[in-house]
Each structure stands twice: as C-alpha cells, then as structure tokens.
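A short write-up of the structure that comes next.
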Amino acid sequence: MAEAVTKEPLIALSGISRVYGRGEAEVRALDGIDLTINEGDFVAIMGPSGSGKSTALNVIGCLDSPTSGHYHFAGTEVATLTRDQRALLRRHYLGFVFQGYNLLSRTSALQNVELPLIYQGMPRAERARTAMAALAKMGLEHRAAHDPSELSGGQQQRVAIARALAGNPRVMLADEPTGNLDTKRSVEIMEVLEKLNKEAGLTIIMVTHEPDMAEFAERLIWMVDGKIERDGLARRVV
C-alpha cells in the first residue's frame, strides 16, 4: 500500500522570537511562536496593539529578522540566505500591500504598478503590458494615466494590490489593507482579496484590527503578548 504524501507547508515558523532592547528595556515582540501556512491559505492575524502581529508579518516578509528560531519558506531556511538572496525572495515570491498604499505621488498608476517589475529586470514593453494587465484585474485600466491624487482611497488601494500582483508572487502580505477606508470601500477591497485567494489560489496573510474584515479570511490567528493564543477558523455569516 502506497504511503500518503505529506505536503510541505509553504511557510513554517518554529520557535520564532524577536527581541528588541536589553535589560529593563527588553521587549519580546515575538515570544517563541510556531506557525505553518500552506499554499492557498487566506490567514488573518489579529490582536491588541503590541501583540506582535505586525512583527510576525515583517518576519514572514523578510523585512525583519528573528532573534531566534527557524523560518522556512518553501523548504528553505531563510536564516541561511544572504542579504541579497532575501531581497530576491521578497522581489520574486512576495507581494506587499500596506495601510497607507505607499504609492509614488507624482507617478501614474501604471508606473506605480511597473515599479517592482523594474527591480525584476523585466524589459520595458513587457512590464508595461504586465502592469496594465494587473490594473485590468482591478478594473482600473481606464485610470492607468492618473496619479494617486486623482484617485479615491479605494482606487489607490486597488493600484497597490495591482502592484503587488504584477510580480506574480506566491504570497501576498497585507498590513491593515482597509485601515484608511470607509466600510463600503473596505468590503470592496476584501472582496478583491477573497477572489484572488479563491479563484487564483493566491496565499494571503493579512494583519487587521477589524473583526468584520478578518471574517473574509478562512483562518484567524489571535496574538497576545508576542504569542499565538488562538488559531482556528474565521467565522463569517454569508
């Protein structure tokens, strides 16, 4: 009888701690957390201010390094990578969406979406096509020539999502993606993320402080004092 094949998690954190400061000033932002995330998961991370949720996202996104523990991405121990190799991991495998959109103010929507493709070394004509296709997925091809000041908050966040998608990442990391939006626009953005997860199979890890937005995810992780207190299903009434 053939043995069952166990699928390796895309992301695996084991005993991850992140400590800032020393002595009386020491802060344990993460305190020995264990976490696995599989390809195609949609995970929401919640918790009170200072719980470590954003630090966890930054470690997963290779924007910060753990003080101790092990982080494996697609089977590779991230700690063994050089600084340049970690930059390549971010560039080719991870897409980032932030609360403040982080768009270049005097640059068109199309050029904002092209930016990560420039870093990937994609030829100009190809990156213009790729960026336009990403904007089209967000329903914003008609706004490609407009700069952020000419776009609503919801449109700006869609441009930011298009930028994250343009590089064809395996994981999208979203830090409070609806934090600057009203309820209607927040729901619209969450429906976009939900569609990307369900139809395109994109792995999404999202930090949020809004319970109703977290319910769009399939899985909810609740953090307190740098530890994972609960890890279970996100319950949404549809």
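Numbering starts fresh at 1 for the residues of each chain in the structure tokens, the chains themselves are lettered A, B, ... in the order given, and ligands are numbered from 1 as they appear.
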Determine, using only C-alpha atoms, which residues of stretch 125-226 of chain A have any atom at most 10 Å from an atom of stretch 69-91 of chain A, and tabulate each with its shortest atom pair and distance in Å to one decimal place, rows ordered by chain and then rising number, as a tab-separated table.
residue	atom	partner	partner_atom	distance
A:Ala164	CA	A:Arg91	CA	9.9
A:Gly167	CA	A:Arg91	CA	7.6
A:Asn168	CA	A:Arg91	CA	9.8
A:Pro169	CA	A:Arg91	CA	8.3
A:Val171	CA	A:Arg90	CA	9.6
Please report as a tab-separated table every residue of stretch 152-175 of chain A lying within 9 Å of stretch 198-222 of chain A, along with the nearest atom pair and their distance in Å (one decimal), using only C-alpha atoms.
residue	atom	partner	partner_atom	distance
A:Pro169	CA	A:Leu202	CA	8.0
A:Arg170	CA	A:Leu202	CA	6.3
A:Val171	CA	A:Thr203	CA	4.7
A:Met172	CA	A:Ile204	CA	4.8
A:Leu173	CA	A:Ile205	CA	5.0
A:Ala174	CA	A:Met206	CA	4.6
A:Asp175	CA	A:Val207	CA	4.9
Within 9 Å of A:Asp31, counting only C-alpha atoms, which residues qualify if same-chain residues fewer than 3 places away don't, as an MDAnalysis selection string? chainID A and resid 15:19 28 52 225:228
List as a PDB file with C-alpha atoms, in the first residue's frame the protein and nucleic acid residues near stretch 145-147 of chain A, meaning an atom at most 6 Å away when only C-alpha atoms are counted, but skip any in the same chain fewer than 6 places from it.
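Writing the result to part.pdb gives the following:
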ATOM      1  CA  THR A 107       3.806  58.880 -10.746  1.00  0.00           C
ATOM      2  CA  SER A 108       0.922  57.415 -12.731  1.00  0.00           C
ATOM      3  CA  ALA A 109      -0.957  54.340 -11.601  1.00  0.00           C
TER       4      ALA A 109
END
Check the smallest atom-to-atom distance from each of A:Leu151, A:Leu30, A:Leu117, A:Leu181 to A:Ser65 using only C-alpha atoms, then report the winner.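 Of the candidates, the smallest distance to A:Ser65 is held by A:Leu30.
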